[in-house]
>>> print(open('protein.txt').read())   # compact mmCIF, C-alpha atoms and all ligand atoms
# COMPACT_ATOMS: atom_id res chain seq x y z
CA MET A 1 -30.50 -3.78 3.08
CA ASP A 2 -29.81 -0.16 2.11
CA PHE A 3 -28.80 2.91 4.09
CA ARG A 4 -30.51 6.23 3.47
CA VAL A 5 -28.71 9.18 4.99
CA SER A 6 -30.08 12.71 5.22
CA PRO A 7 -27.80 15.54 4.21
CA ARG A 8 -25.72 17.56 6.69
CA GLY A 9 -26.26 16.91 10.38
CA GLN A 10 -24.07 17.69 13.34
CA ILE A 11 -21.85 15.11 14.96
CA ALA A 12 -21.17 15.23 18.69
CA GLY A 13 -20.86 13.01 21.70
CA ARG A 14 -18.87 10.10 22.99
CA CYS A 15 -18.94 6.47 21.94
CA ARG A 16 -17.27 3.07 22.14
CA VAL A 17 -16.80 1.02 19.02
CA PRO A 18 -16.96 -2.81 18.94
CA GLY A 19 -13.91 -4.92 19.73
CA ASP A 20 -11.00 -5.29 17.36
CA LYS A 21 -11.74 -7.80 14.60
CA SER A 22 -8.13 -8.87 14.00
CA ILE A 23 -7.53 -9.44 17.72
CA SER A 24 -10.89 -11.21 18.22
CA HIS A 25 -10.15 -13.76 15.46
CA ARG A 26 -6.70 -14.46 16.85
CA ALA A 27 -7.92 -14.65 20.46
CA VAL A 28 -10.33 -17.50 19.65
CA MET A 29 -7.80 -19.33 17.51
CA LEU A 30 -4.93 -19.24 20.00
CA ALA A 31 -7.20 -19.88 22.99
CA ALA A 32 -8.62 -22.97 21.23
CA LEU A 33 -5.08 -24.33 20.75
CA ALA A 34 -3.96 -23.50 24.31
CA GLU A 35 -4.08 -25.64 27.45
CA GLY A 36 -6.78 -24.40 29.83
CA GLU A 37 -9.49 -21.76 29.82
CA SER A 38 -8.97 -18.32 28.29
CA ARG A 39 -11.39 -15.45 28.84
CA PHE A 40 -11.69 -12.26 26.84
CA GLY A 41 -13.74 -9.11 27.25
CA GLY A 42 -14.59 -6.82 24.36
CA PHE A 43 -14.87 -9.69 21.88
CA LEU A 44 -16.37 -8.58 18.56
CA ALA A 45 -19.76 -10.25 18.07
CA GLY A 46 -19.61 -9.62 14.32
CA ALA A 47 -20.38 -12.18 11.65
CA ASP A 48 -16.69 -12.66 10.76
CA THR A 49 -15.47 -13.48 14.25
CA LEU A 50 -18.59 -15.51 15.08
CA ALA A 51 -17.74 -17.65 12.03
CA THR A 52 -14.30 -18.29 13.51
CA ALA A 53 -15.85 -19.26 16.86
CA ALA A 54 -18.32 -21.56 15.05
CA ALA A 55 -15.46 -23.23 13.16
CA PHE A 56 -13.67 -24.11 16.41
CA ARG A 57 -16.90 -25.29 18.01
CA ALA A 58 -17.32 -27.61 15.01
CA MET A 59 -13.85 -28.98 15.83
CA GLY A 60 -14.82 -29.81 19.40
CA VAL A 61 -13.82 -26.63 21.25
CA SER A 62 -16.21 -25.52 23.97
CA ILE A 63 -16.83 -21.77 23.71
CA ASP A 64 -19.16 -19.87 26.02
CA GLY A 65 -20.38 -16.57 24.57
CA PRO A 66 -19.92 -13.99 23.41
CA HIS A 67 -22.32 -12.45 25.96
CA GLU A 68 -21.96 -8.67 26.03
CA GLY A 69 -18.42 -9.06 24.75
CA GLN A 70 -17.37 -11.75 27.25
CA ILE A 71 -16.21 -15.02 25.76
CA ALA A 72 -14.62 -18.06 27.42
CA VAL A 73 -12.74 -20.68 25.41
CA GLN A 74 -11.75 -24.11 26.76
CA GLY A 75 -8.49 -24.82 24.97
CA VAL A 76 -7.96 -28.35 23.68
CA GLY A 77 -4.18 -28.08 23.18
CA LEU A 78 -2.22 -27.96 19.93
CA HIS A 79 -3.26 -31.50 18.97
CA GLY A 80 -6.75 -31.64 20.48
CA LEU A 81 -8.91 -30.41 17.60
CA ARG A 82 -11.28 -32.99 16.09
CA ALA A 83 -12.36 -33.42 12.47
CA PRO A 84 -15.44 -31.24 11.89
CA PRO A 85 -18.61 -32.91 10.57
CA GLY A 86 -18.65 -30.75 7.41
CA PRO A 87 -16.97 -27.80 5.68
CA LEU A 88 -16.02 -24.81 7.83
CA ASP A 89 -17.84 -21.72 6.56
CA MET A 90 -15.76 -18.60 7.13
CA GLY A 91 -18.44 -16.31 5.66
CA ASN A 92 -17.02 -13.00 4.46
CA ALA A 93 -13.78 -13.25 6.47
CA GLY A 94 -10.44 -13.27 4.67
CA THR A 95 -8.65 -13.17 8.02
CA GLY A 96 -10.64 -16.13 9.29
CA MET A 97 -9.92 -18.25 6.23
CA ARG A 98 -6.25 -17.38 5.76
CA LEU A 99 -5.27 -17.76 9.41
CA LEU A 100 -7.30 -20.93 9.81
CA ALA A 101 -5.62 -22.39 6.71
CA GLY A 102 -2.30 -22.13 8.58
CA ILE A 103 -3.67 -24.00 11.59
CA MET A 104 -5.50 -26.60 9.50
CA ALA A 105 -2.40 -27.37 7.43
CA GLY A 106 -0.86 -28.92 10.53
CA GLN A 107 -3.80 -31.11 11.62
CA ARG A 108 -4.06 -34.88 11.46
CA PHE A 109 -7.46 -34.67 9.76
CA GLY A 110 -8.68 -33.16 6.52
CA VAL A 111 -10.96 -30.14 6.27
CA THR A 112 -12.65 -27.94 3.68
CA LEU A 113 -12.83 -24.17 4.12
CA ILE A 114 -15.61 -22.33 2.31
CA GLY A 115 -16.82 -18.73 2.24
CA ASP A 116 -19.44 -16.39 0.83
CA GLU A 117 -19.47 -15.02 -2.70
CA SER A 118 -16.95 -12.26 -1.95
CA LEU A 119 -14.54 -14.53 -0.05
CA SER A 120 -14.86 -17.14 -2.81
CA ARG A 121 -13.33 -14.62 -5.22
CA ARG A 122 -10.38 -13.65 -3.03
CA PRO A 123 -6.84 -14.80 -3.80
CA MET A 124 -5.57 -17.69 -1.70
CA ARG A 125 -2.39 -18.44 -3.66
CA ARG A 126 -0.59 -16.12 -1.25
CA VAL A 127 -1.14 -18.68 1.55
CA ILE A 128 -1.31 -21.85 -0.56
CA ALA A 129 2.15 -21.41 -2.13
CA PRO A 130 4.14 -21.03 1.12
CA LEU A 131 2.04 -23.64 2.95
CA ARG A 132 2.82 -26.09 0.14
CA GLN A 133 6.51 -25.26 0.58
CA MET A 134 6.04 -26.31 4.20
CA GLY A 135 4.65 -29.63 2.97
CA ALA A 136 0.92 -28.91 3.26
CA ASP A 137 -1.51 -30.75 0.99
CA ILE A 138 -3.96 -28.07 -0.22
CA ALA A 139 -6.34 -27.96 -3.13
CA ALA A 140 -8.23 -24.85 -4.25
CA ALA A 141 -10.73 -23.87 -6.90
CA GLN A 142 -9.65 -22.48 -10.23
CA GLY A 143 -7.54 -19.36 -9.87
CA ASP A 144 -6.47 -20.46 -6.39
CA THR A 145 -9.67 -19.21 -4.78
CA PRO A 146 -11.82 -20.92 -2.10
CA PRO A 147 -13.01 -23.55 -1.31
CA LEU A 148 -9.73 -24.78 0.14
CA GLY A 149 -9.39 -28.50 0.71
CA LEU A 150 -6.66 -29.45 3.19
CA ARG A 151 -5.58 -33.03 3.68
CA PRO A 152 -3.49 -34.33 6.55
CA VAL A 153 0.27 -34.66 6.13
CA VAL A 154 2.78 -36.39 8.40
CA ARG A 155 4.60 -33.24 9.45
CA LEU A 156 5.07 -29.70 8.17
CA GLN A 157 8.59 -28.38 7.74
CA GLY A 158 9.65 -24.86 8.75
CA ILE A 159 10.58 -22.51 5.89
CA ASP A 160 12.28 -19.14 5.54
CA TYR A 161 9.80 -17.15 3.47
CA VAL A 162 10.02 -13.66 1.99
CA LEU A 163 6.51 -12.26 1.63
CA PRO A 164 5.83 -10.92 -1.87
CA MET A 165 3.29 -8.43 -0.44
CA ALA A 166 2.79 -6.69 2.91
CA SER A 167 0.15 -8.96 4.46
CA ALA A 168 -0.45 -9.63 8.12
CA GLN A 169 -2.81 -12.43 7.16
CA VAL A 170 -0.15 -14.33 5.25
CA LYS A 171 2.48 -13.65 7.92
CA SER A 172 0.07 -14.88 10.61
CA CYS A 173 -0.98 -17.94 8.59
CA LEU A 174 2.66 -19.04 8.34
CA LEU A 175 3.48 -18.35 12.00
CA LEU A 176 0.46 -20.44 13.03
CA ALA A 177 1.49 -23.25 10.67
CA GLY A 178 4.95 -22.89 12.19
CA LEU A 179 3.53 -24.08 15.53
CA TYR A 180 3.09 -27.47 13.83
CA ALA A 181 6.32 -27.52 11.80
CA ALA A 182 9.64 -29.18 12.42
CA GLY A 183 12.33 -26.55 12.93
CA ARG A 184 11.95 -22.79 12.54
CA THR A 185 9.49 -20.92 10.40
CA CYS A 186 10.59 -17.40 9.44
CA VAL A 187 8.73 -14.71 7.53
CA THR A 188 10.28 -11.51 6.17
CA GLU A 189 7.91 -8.63 5.47
CA PRO A 190 8.46 -6.03 2.74
CA ALA A 191 6.92 -3.42 5.10
CA PRO A 192 5.63 -3.56 8.68
CA THR A 193 2.09 -4.93 9.03
CA ARG A 194 -0.13 -5.43 12.06
CA ASP A 195 1.67 -7.50 14.67
CA HIS A 196 -1.23 -8.81 16.78
CA THR A 197 -0.29 -12.45 16.14
CA GLU A 198 3.25 -11.88 17.39
CA ARG A 199 2.07 -10.04 20.51
CA MET A 200 -0.58 -12.63 21.23
CA LEU A 201 1.70 -15.63 20.74
CA ALA A 202 3.93 -14.11 23.42
CA ALA A 203 0.89 -13.65 25.70
CA PHE A 204 0.11 -17.35 25.24
CA GLY A 205 3.69 -18.26 26.19
CA ARG A 206 5.18 -18.86 22.72
CA PRO A 207 7.13 -15.69 21.91
CA VAL A 208 8.37 -15.17 18.36
CA GLN A 209 11.84 -13.87 17.58
CA ARG A 210 12.01 -10.66 15.58
CA ASP A 211 15.08 -9.34 13.81
CA GLY A 212 14.20 -6.27 11.76
CA ALA A 213 11.69 -7.28 9.11
CA ARG A 214 12.12 -11.01 9.85
CA VAL A 215 10.00 -12.81 12.40
CA CYS A 216 10.53 -16.45 13.38
CA ILE A 217 8.80 -19.08 15.45
CA ASP A 218 10.23 -22.38 16.63
CA GLY A 219 8.15 -25.47 15.99
CA GLY A 220 8.53 -28.40 18.27
CA GLY A 221 5.32 -28.81 20.14
CA ALA A 222 5.69 -26.63 23.27
CA SER A 223 2.12 -25.92 24.33
CA LEU A 224 0.35 -22.56 24.45
CA ARG A 225 -0.76 -21.45 27.92
CA ALA A 226 -4.30 -20.12 28.32
CA THR A 227 -4.50 -16.41 29.08
CA SER A 228 -7.14 -13.71 29.56
CA PHE A 229 -7.30 -10.10 28.43
CA ALA A 230 -9.60 -7.31 27.33
CA ILE A 231 -9.81 -6.75 23.57
CA PRO A 232 -9.67 -3.02 22.74
CA GLY A 233 -12.07 -1.19 20.43
CA ASP A 234 -11.22 -1.56 16.75
CA ILE A 235 -9.45 1.48 15.30
CA SER A 236 -10.74 0.36 11.89
CA SER A 237 -14.29 0.85 13.21
CA ALA A 238 -13.34 4.03 15.09
CA ALA A 239 -12.34 5.39 11.67
CA PHE A 240 -16.01 6.09 10.85
CA PRO A 241 -17.06 8.26 13.82
CA LEU A 242 -13.59 9.82 13.58
CA VAL A 243 -13.98 10.93 9.97
CA ALA A 244 -17.60 11.91 10.68
CA ALA A 245 -16.46 14.31 13.40
CA LEU A 246 -13.69 15.74 11.21
CA ILE A 247 -15.96 16.56 8.27
CA ALA A 248 -19.19 17.57 10.08
CA SER A 249 -19.86 21.11 11.09
CA PRO A 250 -19.61 21.42 13.94
CA GLY A 251 -18.21 18.02 14.83
CA ALA A 252 -16.59 16.73 18.01
CA VAL A 253 -16.38 13.19 19.26
CA LEU A 254 -14.62 11.27 22.00
CA ILE A 255 -14.13 7.62 21.01
CA GLU A 256 -13.21 5.66 24.12
CA ASN A 257 -10.96 2.63 24.53
CA VAL A 258 -9.55 2.27 21.03
CA GLY A 259 -6.53 0.08 20.21
CA ILE A 260 -3.61 2.24 19.09
CA ASN A 261 -1.09 -0.45 18.20
CA PRO A 262 1.48 1.48 16.10
CA THR A 263 1.03 -1.02 13.24
CA ARG A 264 -2.61 0.15 13.01
CA THR A 265 -2.46 3.92 13.49
CA GLY A 266 -1.68 4.99 9.92
CA ILE A 267 -5.11 6.58 9.74
CA LEU A 268 -4.25 8.96 12.58
CA ASP A 269 -0.99 10.00 10.91
CA ILE A 270 -2.65 10.45 7.51
CA LEU A 271 -5.60 12.48 8.82
CA ARG A 272 -3.32 14.62 11.00
CA ALA A 273 -1.11 15.30 7.97
CA MET A 274 -4.33 16.46 6.25
CA GLY A 275 -4.92 18.91 9.10
CA GLY A 276 -7.17 16.79 11.30
CA ASP A 277 -7.45 17.79 14.95
CA ILE A 278 -7.02 14.42 16.66
CA GLU A 279 -5.80 13.94 20.22
CA LEU A 280 -4.98 10.75 22.08
CA LEU A 281 -6.04 10.88 25.73
CA ASN A 282 -5.58 8.50 28.61
CA GLN A 283 -3.03 6.29 26.86
CA ARG A 284 -2.59 2.95 28.60
CA ASP A 285 -1.81 -0.71 28.04
CA ALA A 286 -4.57 -3.31 27.87
CA GLY A 287 -3.06 -6.78 27.80
CA ALA A 288 -0.51 -6.89 25.02
CA GLU A 289 -1.96 -3.89 23.18
CA PRO A 290 -1.82 -0.10 23.73
CA VAL A 291 -5.16 1.70 24.08
CA ALA A 292 -6.35 5.34 24.21
CA ASP A 293 -9.41 7.54 24.00
CA ILE A 294 -9.45 9.52 20.75
CA ARG A 295 -10.76 13.09 20.74
CA VAL A 296 -11.60 14.48 17.32
CA ARG A 297 -12.78 17.96 16.35
CA ALA A 298 -14.12 19.28 13.05
CA SER A 299 -11.18 20.39 10.95
CA ARG A 300 -10.40 22.11 7.69
CA LEU A 301 -8.66 19.34 5.76
CA ARG A 302 -6.18 19.66 2.91
CA GLY A 303 -5.21 17.07 0.33
CA ILE A 304 -1.86 15.28 0.64
CA ALA A 305 0.21 12.64 -1.14
CA VAL A 306 -0.07 9.70 1.25
CA PRO A 307 3.44 8.29 1.83
CA ALA A 308 3.54 4.69 0.52
CA ALA A 309 5.13 3.50 3.79
CA MET A 310 1.93 4.46 5.63
CA VAL A 311 -0.31 2.38 3.38
CA PRO A 312 -0.04 -1.02 5.15
CA LEU A 313 -0.57 0.75 8.49
CA ALA A 314 -3.93 2.13 7.30
CA ILE A 315 -4.86 -0.56 4.79
CA ASP A 316 -8.48 -0.99 5.94
CA GLU A 317 -9.12 2.72 6.41
CA PHE A 318 -8.89 3.97 2.82
CA PRO A 319 -12.66 3.99 2.25
CA ALA A 320 -13.00 6.43 5.20
CA ILE A 321 -9.85 8.34 4.24
CA ALA A 322 -11.20 8.74 0.69
CA VAL A 323 -14.36 10.39 2.02
CA ALA A 324 -12.21 12.73 4.12
CA ALA A 325 -10.09 13.47 1.03
CA ALA A 326 -13.23 14.38 -0.93
CA CYS A 327 -13.95 17.00 1.78
CA ALA A 328 -10.40 18.36 1.76
CA GLN A 329 -9.06 21.31 -0.15
CA GLY A 330 -6.98 20.20 -3.13
CA GLU A 331 -5.82 16.82 -4.31
CA THR A 332 -5.14 13.65 -2.34
CA LEU A 333 -2.96 11.01 -3.98
CA ILE A 334 -2.91 7.43 -2.73
CA THR A 335 -0.37 5.09 -4.35
CA GLY A 336 1.27 1.77 -3.46
CA ALA A 337 -2.13 0.48 -2.38
CA GLN A 338 -2.75 -2.26 -4.97
CA GLU A 339 -3.78 -4.58 -2.11
CA LEU A 340 -7.03 -2.57 -1.99
CA ARG A 341 -8.00 -4.36 -5.21
CA VAL A 342 -8.34 -7.71 -3.37
CA LYS A 343 -10.21 -6.77 -0.18
CA GLU A 344 -13.89 -7.57 0.50
CA SER A 345 -14.45 -5.74 -2.80
CA ASP A 346 -12.09 -4.11 -5.30
CA ARG A 347 -11.92 -1.05 -3.08
CA ILE A 348 -10.12 1.12 -5.60
CA ALA A 349 -12.96 0.59 -8.08
CA ALA A 350 -15.69 0.79 -5.42
CA ILE A 351 -14.34 4.03 -3.90
CA ALA A 352 -13.86 5.64 -7.33
CA ALA A 353 -17.37 4.68 -8.46
CA GLY A 354 -18.92 5.86 -5.18
CA LEU A 355 -17.15 9.22 -5.15
CA ALA A 356 -18.00 9.81 -8.82
CA ALA A 357 -21.66 8.93 -8.18
CA LEU A 358 -21.75 11.71 -5.56
CA GLY A 359 -20.11 14.31 -7.82
CA ILE A 360 -16.46 14.13 -6.75
CA ALA A 361 -13.68 14.20 -9.35
CA VAL A 362 -11.66 11.02 -8.87
CA GLU A 363 -9.28 8.89 -10.88
CA ALA A 364 -8.76 5.20 -10.16
CA LEU A 365 -5.08 4.28 -10.51
CA ARG A 366 -3.69 0.77 -10.83
CA ASP A 367 -2.41 1.00 -7.26
CA GLY A 368 -4.43 3.80 -5.71
CA LEU A 369 -6.61 6.86 -6.21
CA ARG A 370 -6.34 10.52 -7.11
CA ILE A 371 -9.14 12.45 -5.39
CA GLN A 372 -10.01 16.14 -5.88
CA GLY A 373 -11.68 17.74 -2.90
CA GLY A 374 -15.10 19.09 -3.85
CA GLN A 375 -18.80 19.20 -3.05
CA PHE A 376 -20.73 15.99 -2.39
CA HIS A 377 -24.11 15.83 -4.09
CA GLY A 378 -26.89 13.38 -3.29
CA GLY A 379 -26.99 10.07 -5.10
CA VAL A 380 -26.86 6.31 -4.94
CA VAL A 381 -23.70 4.35 -4.10
CA ASP A 382 -23.23 0.60 -4.51
CA SER A 383 -21.25 -0.84 -1.57
CA HIS A 384 -20.57 -4.07 -3.50
CA GLY A 385 -21.43 -5.90 -0.30
CA ASP A 386 -18.33 -4.39 1.36
CA HIS A 387 -18.88 -3.29 4.98
CA ARG A 388 -16.28 -0.54 4.92
CA ILE A 389 -17.44 0.92 1.61
CA ALA A 390 -20.99 1.07 3.01
CA MET A 391 -19.98 2.78 6.26
CA ALA A 392 -17.59 5.23 4.58
CA PHE A 393 -20.17 6.48 2.09
CA SER A 394 -22.79 6.91 4.80
CA LEU A 395 -20.53 9.74 6.09
CA ALA A 396 -20.50 11.52 2.73
CA ALA A 397 -24.05 12.70 3.48
CA LEU A 398 -22.65 14.96 6.22
CA ARG A 399 -21.30 17.20 3.47
CA ALA A 400 -23.86 16.48 0.74
CA ASP A 401 -26.59 18.82 -0.50
CA ALA A 402 -29.17 16.02 -0.87
CA PRO A 403 -29.76 12.51 0.59
CA VAL A 404 -27.30 9.70 -0.05
CA GLN A 405 -28.44 6.11 -0.49
CA ILE A 406 -26.05 3.18 -0.12
CA ARG A 407 -26.98 -0.21 -1.50
CA ASP A 408 -26.28 -3.67 -0.09
CA CYS A 409 -25.19 -2.80 3.46
CA VAL A 410 -25.93 -6.04 5.28
CA ASN A 411 -22.24 -6.90 5.65
CA VAL A 412 -21.71 -3.93 7.97
CA GLY A 413 -22.53 -6.57 10.60
CA THR A 414 -19.33 -8.45 9.79
CA SER A 415 -17.23 -5.89 11.65
CA PHE A 416 -19.50 -3.22 13.19
CA PRO A 417 -22.72 -4.55 14.70
CA GLY A 418 -24.70 -1.57 15.97
CA TYR A 419 -23.23 0.87 13.46
CA VAL A 420 -26.53 2.52 12.59
CA ASP A 421 -27.56 3.08 16.23
CA LEU A 422 -24.12 4.32 17.20
CA MET A 423 -23.92 6.82 14.35
CA ARG A 424 -27.50 7.94 14.87
CA GLY A 425 -26.63 8.59 18.51
CA LEU A 426 -23.85 10.91 17.36
CA GLY A 427 -26.21 12.79 15.03
CA LEU A 428 -25.98 11.11 11.62
CA GLY A 429 -29.38 11.00 9.94
CA ILE A 430 -29.06 7.36 8.92
CA GLU A 431 -32.01 5.03 8.28
CA VAL A 432 -32.13 1.41 7.18
CA SER A 433 -34.52 0.35 4.44
C1 LIG B 501 -5.84 -8.37 8.69
C2 LIG B 501 -4.88 -8.03 7.78
C3 LIG B 501 -5.17 -7.17 6.61
C4 LIG B 501 -6.49 -6.43 6.76
C5 LIG B 501 -7.58 -7.30 7.26
C6 LIG B 501 -7.22 -7.87 8.62
C7 LIG B 501 -5.48 -9.26 9.80
O1 LIG B 501 -5.26 -8.00 5.46
O2 LIG B 501 -6.86 -5.85 5.54
O3 LIG B 501 -8.79 -6.59 7.37
O4 LIG B 501 -6.25 -9.37 10.77
O5 LIG B 501 -4.38 -9.85 9.74
P1 LIG B 501 -3.95 -8.39 4.58
O6 LIG B 501 -3.10 -9.27 5.36
O7 LIG B 501 -4.54 -9.09 3.37
O8 LIG B 501 -3.33 -7.07 4.22
>>> encode(input="protein.txt", output="structure tokens")
Amino acid sequence: MDFRVSPRGQIAGRCRVPGDKSISHRAVMLAALAEGESRFGGFLAGADTLATAAAFRAMGVSIDGPHEGQIAVQGVGLHGLRAPPGPLDMGNAGTGMRLLAGIMAGQRFGVTLIGDESLSRRPMRRVIAPLRQMGADIAAAQGDTPPLGLRPVVRLQGIDYVLPMASAQVKSCLLLAGLYAAGRTCVTEPAPTRDHTERMLAAFGRPVQRDGARVCIDGGGASLRATSFAIPGDISSAAFPLVAALIASPGAVLIENVGINPTRTGILDILRAMGGDIELLNQRDAGAEPVADIRVRASRLRGIAVPAAMVPLAIDEFPAIAVAAACAQGETLITGAQELRVKESDRIAAIAAGLAALGIAVEALRDGLRIQGGQFHGGVVDSHGDHRIAMAFSLAALRADAPVQIRDCVNVGTSFPGYVDLMRGLGLGIEVS
């Protein structure tokens, strides 16, 4: 499936983006392990989160939905999961596989976790090594990639682990394993990363203890209590209409009901530092997460050096930020972002190749990108099967002098079902072929 996008086009209107992917994964996982029924609105019906729901169904959890975002999960308790009849297929989802590995490490049955071609190339040593320190019995393919084979062990043991990289997935994996461990499990982060797991554990009645960069959970079997909340719109999906409005002429968009957890809002800080006119309206709390409507107006952007401390807070938004940088005056420098090399694609390589294919001067660095603002031309971009690369480059057409084609866009449905209709409704001339 390819996207073909006509050049220029005006962007205007209001929209709501699908529910937050990180929160949707975690909601199903914790609800499945809780006692009682949990209900969520705004659940993301994307391929990644549906794979997580299917995995828990295969382990005996009754899940109704999602129907128009509503999902109800009958928790089976911490020790109520049953051995699935076959491997659990996590599709394209790194979050699904890494967080589930933490839960599966503590079960009294064995399980195999598999994924698609992209997920099967992604590094799992980052979760395997600390889980083994906790006593887990895990096998992986060569190079510590999926499939992961987990065998039952008598009991995990809490550890005090210093993360070698800023990763919310690894932190979350270990906190979830910590639910099944004897004693305390502590994780120290080199830089703040998204804290949805910590907030949600508290909402399910098992608060973590945080002391600076160190977060701990006590094992010991206390049950999780079912809870219900509305999942906000995903700021990582909002990034696309947001950048579209900034770079279109004229552009103006109101994106309603977006999660603005401060561990996720790096994109707003980066784009504002580039001169973006972005306002947060109607700020409020929804469950354990802050939410706002985001108003964006077309802006004259300038290149910046992105502070390394902001990188983990915008880690999924660099494809969109790179397109904004290509429309800015001057140079944008992104460093300290080597994690981009191991996302759904090697995003440093994919962004550099895509920008170059459309006539932008760009240099791929070991840990980032140097992008010179310029003029987009028409051309063909390979998304490498990466949803966010596909969506980001569809926006380049807004400033291109000829059509832009993006190859291999089917995975947009992993995080943003309805992307094409939503963007067309705002004025993007996007077609699927
Ligand atoms: C996520 C954490 C990030 C992010 C991913 C979702 C999560 O991954 O890129 O899309 O939900 O915990 P890392 O932990 O690998 O940085």
>>> residues_around(input="protein.txt", residues="stretch 387-391 of chain A", least_positions_apart="5", cutoff="6 Å", atoms="all atoms listed in the file", output="PDB file with C-alpha atoms, in the coordinates of the input")
ATOM      1  CA  PRO A 319     -12.660   3.990   2.250  1.00  0.00           C
ATOM      2  CA  CYS A 409     -25.190  -2.800   3.460  1.00  0.00           C
ATOM      3  CA  ASN A 411     -22.240  -6.900   5.650  1.00  0.00           C
ATOM      4  CA  VAL A 412     -21.710  -3.930   7.970  1.00  0.00           C
TER       5      VAL A 412
END
>>> atom_distance(input="protein.txt", atom1="atom CA of A:Arg4", atom2="atom CA of A:Val380")
9.2 Å
>>> axis_aligned_box(input="protein.txt", around="stretch 40-44 of chain A", padding_each_side="4 Å", output="JSON")
{"center_x": -14.0, "center_y": -9.5, "center_z": 22.9, "size_x": 12.7, "size_y": 13.4, "size_z": 16.7}
>>> closest_atom_pairs(input="protein.txt", of="stretch 303-344 of chain A", to="stretch 267-285 of chain A", cutoff="7 Å", atoms="only C-alpha atoms", output="CSV")
residue,atom,partner,partner_atom,distance
A:Gly303,CA,A:Met274,CA,6.0
A:Ile304,CA,A:Met274,CA,6.2
A:Val306,CA,A:Ile270,CA,6.8
A:Ala314,CA,A:Ile267,CA,5.2
A:Glu317,CA,A:Ile267,CA,6.5
>>> closest_residue(input="protein.txt", among="A:Val28, A:Leu156, A:Ile11, A:Met1", to="A:Gly429", atoms="only C-alpha atoms")
A:Ile11
>>> residues_near_ligand(input="protein.txt", ligand="ligand LIG 501 (chain B)", cutoff="8 Å", atoms="all atoms listed in the file", output="list of chain:residue names")
A:Lys21, A:Ser22, A:Ile23, A:His25, A:Arg26, A:Gly94, A:Thr95, A:Leu99, A:Ala166, A:Ser167, A:Ala168, A:Gln169, A:Val170, A:Lys171, A:Ser172, A:Thr193, A:Arg194, A:His196, A:Pro312, A:Ile315, A:Asp316, A:Glu339, A:Val342, A:Lys343
>>> closest_residue(input="protein.txt", among="A:Gly259, A:Gly205, A:Gly65, A:Pro85", to="A:Gly110", atoms="all atoms listed in the file")
A:Pro85
>>> residues_around(input="protein.txt", residues="stretch 287-294 of chain A", least_positions_apart="3", cutoff="10 Å", atoms="all atoms listed in the file", output="MDAnalysis selection string")
chainID A and resid 14:16 23 195:196 198:203 227:233 235 238 242 253:262 268 278:284
>>> residues_around(input="protein.txt", residues="A:Ala129", least_positions_apart="6", cutoff="12 Å", atoms="all atoms listed in the file", output="CSV table (one decimal) with C-alpha atoms, keeping the file's coordinate frame")
chain,number,residue,atom,x,y,z
A,101,ALA,CA,-5.6,-22.4,6.7
A,102,GLY,CA,-2.3,-22.1,8.6
A,123,PRO,CA,-6.8,-14.8,-3.8
A,135,GLY,CA,4.6,-29.6,3.0
A,136,ALA,CA,0.9,-28.9,3.3
A,137,ASP,CA,-1.5,-30.8,1.0
A,138,ILE,CA,-4.0,-28.1,-0.2
A,139,ALA,CA,-6.3,-28.0,-3.1
A,140,ALA,CA,-8.2,-24.8,-4.2
A,144,ASP,CA,-6.5,-20.5,-6.4
A,159,ILE,CA,10.6,-22.5,5.9
A,161,TYR,CA,9.8,-17.2,3.5
A,162,VAL,CA,10.0,-13.7,2.0
A,163,LEU,CA,6.5,-12.3,1.6
A,164,PRO,CA,5.8,-10.9,-1.9
A,170,VAL,CA,-0.2,-14.3,5.2
A,173,CYS,CA,-1.0,-17.9,8.6
A,174,LEU,CA,2.7,-19.0,8.3
>>> residues_around(input="protein.txt", residues="A:Val420", least_positions_apart="5", cutoff="8 Å", atoms="all atoms listed in the file", output="list in words")
Ile430, Glu431 and Val432 of chain A
>>> atom_distance(input="protein.txt", atom1="atom CA of A:Arg132", atom2="atom CA of A:Ala32")
24.2 Å
>>> closest_residue(input="protein.txt", among="A:Asp89, A:Val404, A:Gly80, A:Gly336", to="A:Ala53", atoms="only C-alpha atoms")
A:Asp89
>>> atom_distance(input="protein.txt", atom1="atom CA of A:Pro87", atom2="atom CA of A:Asp48")
16.0 Å
>>> residues_around(input="protein.txt", residues="A:Ala248", least_positions_apart="5", cutoff="12 Å", atoms="only C-alpha atoms", output="PyMOL selection string")
chain A and resi 7-12+240-243+253+296-301+323-324+327+395-400+426-428
>>> decode(input="protein.txt", residues="stretch 39-50 of chain A", atoms="C-alpha atoms", output="compact mmCIF listing (two decimals), in the first residue's frame")
# COMPACT_ATOMS: atom_id res chain seq x y z
CA ARG A 39 -13.43 -0.39 31.38
CA PHE A 40 -11.64 2.10 29.17
CA GLY A 41 -12.80 4.63 26.61
CA GLY A 42 -10.58 5.93 23.85
CA PHE A 43 -8.78 2.60 23.43
CA LEU A 44 -6.60 2.53 20.31
CA ALA A 45 -7.99 -0.02 17.85
CA GLY A 46 -4.63 -0.22 16.05
CA ALA A 47 -2.89 -3.42 15.04
CA ASP A 48 -0.31 -3.13 17.85
CA THR A 49 -2.76 -2.81 20.72
CA LEU A 50 -5.18 -5.34 19.19
